[in-house]
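Peer 1: I have a structure I would like to understand better, so I am pasting it below and will then ask my questions one at a time.
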Amino acid sequence: MIRQNDSDIVKEFIEIIYNQVKIKYSEQAGIINVLNHLSEKGLIEPKKIRDYMIIQDFDRILVENDNNYTFTYMDISIKYDVSERTIQNIIYKHKRKFNKDYNIR
């Protein structure tokens with residue numbers, strides 16, 4: 001599997017973002033400030049945020065629905081206003097992408 005980013009590039013990216021956040025919010029900037037900064041700069045795509053939230057909701061809602069996948073897909077599709085098929089695609093095709101091993105070599 002080809003990973004997208006070399007660890008040195010990731011470290012350099014972190015340093016740059018750290019300095020930008022420190023200038024904007026101060027040395028005591030919290031994680032909320034960092035995430036807000038990344039979103040404002042377009043480094044976190046709105047679609048990626050949605051996909052991440054869908055994946056986070058999936059396991060919890062699946063348990064609430066007594067492991068009924070059909071109801072789980074329906075509930076999540078209503079919450080995010082997307083089709084059930086889109087939810088299925090996100091779970092099966094994109095869940096692995098939110099893993100360190102997929103993103104950093």
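Identifiers in this document derive from the order of the structure tokens: chains are assigned A, B, ..., residues are numbered from 1 separately in each chain, and ligands are numbered from 1 in order of occurrence.
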List as an mmCIF file with N, CA, C and O atoms, in the first residue's frame the protein and nucleic acid residues near region 49-58 of chain A, meaning an atom at most 9 Å away when only C-alpha atoms are counted, but skip any in the same chain fewer than 2 places from it.
Peer 2:
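The resulting file, around.cif, is shown below:
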data_model
loop_
_atom_site.group_PDB
_atom_site.id
_atom_site.type_symbol
_atom_site.label_atom_id
_atom_site.label_comp_id
_atom_site.auth_asym_id
_atom_site.auth_seq_id
_atom_site.Cartn_x
_atom_site.Cartn_y
_atom_site.Cartn_z
ATOM 1 N N ILE A 44 -9.142 20.918 6.268
ATOM 2 C CA ILE A 44 -10.090 19.848 6.579
ATOM 3 C C ILE A 44 -11.315 20.117 5.711
ATOM 4 O O ILE A 44 -12.053 21.063 5.945
ATOM 5 N N GLU A 45 -11.501 19.286 4.719
ATOM 6 C CA GLU A 45 -12.631 19.468 3.813
ATOM 7 C C GLU A 45 -13.945 19.179 4.549
ATOM 8 O O GLU A 45 -14.017 18.241 5.340
ATOM 9 N N PRO A 46 -14.981 19.965 4.292
ATOM 10 C CA PRO A 46 -16.275 19.714 4.929
ATOM 11 C C PRO A 46 -16.761 18.276 4.719
ATOM 12 O O PRO A 46 -17.322 17.658 5.620
ATOM 13 N N LYS A 47 -16.518 17.736 3.532
ATOM 14 C CA LYS A 47 -16.944 16.363 3.251
ATOM 15 C C LYS A 47 -16.187 15.360 4.130
ATOM 16 O O LYS A 47 -16.752 14.371 4.577
ATOM 17 N N ARG A 60 -21.765 3.344 17.286
ATOM 18 C CA ARG A 60 -22.638 3.678 18.411
ATOM 19 C C ARG A 60 -24.113 3.450 18.055
ATOM 20 O O ARG A 60 -24.854 2.813 18.803
ATOM 21 N N ILE A 61 -24.512 3.933 16.893
ATOM 22 C CA ILE A 61 -25.912 3.794 16.484
ATOM 23 C C ILE A 61 -26.242 2.335 16.174
ATOM 24 O O ILE A 61 -27.351 1.873 16.445
ATOM 25 N N LEU A 62 -25.283 1.600 15.645
ATOM 26 C CA LEU A 62 -25.491 0.173 15.372
ATOM 27 C C LEU A 62 -25.830 -0.571 16.662
ATOM 28 O O LEU A 62 -26.756 -1.386 16.693
ATOM 29 N N VAL A 63 -25.126 -0.274 17.738
ATOM 30 C CA VAL A 63 -25.411 -0.909 19.038
ATOM 31 C C VAL A 63 -26.795 -0.482 19.530
ATOM 32 O O VAL A 63 -27.572 -1.312 20.010
ATOM 33 N N THR A 72 -29.732 1.298 11.085
ATOM 34 C CA THR A 72 -28.573 2.158 11.328
ATOM 35 C C THR A 72 -28.299 3.036 10.113
ATOM 36 O O THR A 72 -28.095 4.247 10.244
ATOM 37 N N TYR A 73 -28.297 2.445 8.923
ATOM 38 C CA TYR A 73 -28.095 3.241 7.704
ATOM 39 C C TYR A 73 -29.195 4.291 7.553
ATOM 40 O O TYR A 73 -28.926 5.427 7.167
ATOM 41 N N ILE A 76 -28.679 7.189 10.218
ATOM 42 C CA ILE A 76 -27.551 8.059 9.879
ATOM 43 C C ILE A 76 -27.850 8.878 8.621
ATOM 44 O O ILE A 76 -27.499 10.056 8.545
ATOM 45 N N SER A 77 -28.521 8.269 7.652
ATOM 46 C CA SER A 77 -28.846 9.014 6.428
ATOM 47 C C SER A 77 -29.779 10.179 6.732
ATOM 48 O O SER A 77 -29.657 11.250 6.129
ATOM 49 N N TYR A 80 -27.640 13.045 8.543
ATOM 50 C CA TYR A 80 -26.712 13.789 7.680
ATOM 51 C C TYR A 80 -27.319 14.198 6.340
ATOM 52 O O TYR A 80 -26.628 14.786 5.511
ATOM 53 N N ILE A 87 -24.104 6.402 2.807
ATOM 54 C CA ILE A 87 -23.629 5.960 4.124
ATOM 55 C C ILE A 87 -22.882 4.636 3.987
ATOM 56 O O ILE A 87 -21.791 4.462 4.537
ATOM 57 N N ILE A 90 -19.465 5.190 2.437
ATOM 58 C CA ILE A 90 -18.529 5.816 3.380
ATOM 59 C C ILE A 90 -18.002 4.783 4.367
ATOM 60 O O ILE A 90 -16.795 4.707 4.615
ATOM 61 N N ILE A 91 -18.883 3.965 4.895
ATOM 62 C CA ILE A 91 -18.469 2.956 5.879
ATOM 63 C C ILE A 91 -17.531 1.939 5.239
ATOM 64 O O ILE A 91 -16.463 1.642 5.784
ATOM 65 N N HIS A 94 -14.380 4.154 2.954
ATOM 66 C CA HIS A 94 -13.577 5.231 3.524
ATOM 67 C C HIS A 94 -13.153 5.009 4.971
ATOM 68 O O HIS A 94 -12.277 5.721 5.450
ATOM 69 N N LYS A 95 -13.752 4.074 5.662
ATOM 70 C CA LYS A 95 -13.427 3.879 7.075
ATOM 71 C C LYS A 95 -11.933 3.611 7.271
ATOM 72 O O LYS A 95 -11.320 4.152 8.175
ATOM 73 N N PHE A 98 -9.286 6.587 7.634
ATOM 74 C CA PHE A 98 -9.129 7.348 8.869
ATOM 75 C C PHE A 98 -8.244 6.568 9.844
ATOM 76 O O PHE A 98 -8.539 6.448 11.022
#
Peer 1: Just list as a PyMOL selection string whatever in chain A DSSP marks as helix (DSSP H, G or I).
Peer 2: chain A and resi 7-25+31-40+46-64+69-80+84-97+100-103
Peer 1: Quick one: distance from CA of Gln20 (chain A) to CA of Asp6 (chain A) in Å, one decimal?
Peer 2: 21.5 Å
Peer 1: Here is a test: counting only C-alpha atoms, which residue of A:Ser83, A:Asn67, A:Tyr18, A:Lys93 is nearest to Ile31 (chain A)?
Peer 2: A:Tyr18
Peer 1: Quick one: distance from CA of Asn33 (chain A) to CA of Val21 (chain A) in Å, one decimal?
Peer 2: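 Separation between CA of Asn33 (chain A) and CA of Val21 (chain A): 7.4 Å.
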Peer 1: Could you check which of A:Ile78, A:Asp59, A:Phe71, A:Val34 is closest to Ile14 (chain A), using only C-alpha atoms?
Peer 2: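 The closest residue to Ile14 (chain A) is A:Val34.
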Peer 1: At what distance in Å, to one decimal, does CA of Tyr25 (chain A) lie from CA of Lys41 (chain A)?
Peer 2: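 Result for CA of Lys41 (chain A) versus CA of Tyr25 (chain A): 14.5 Å, one decimal.
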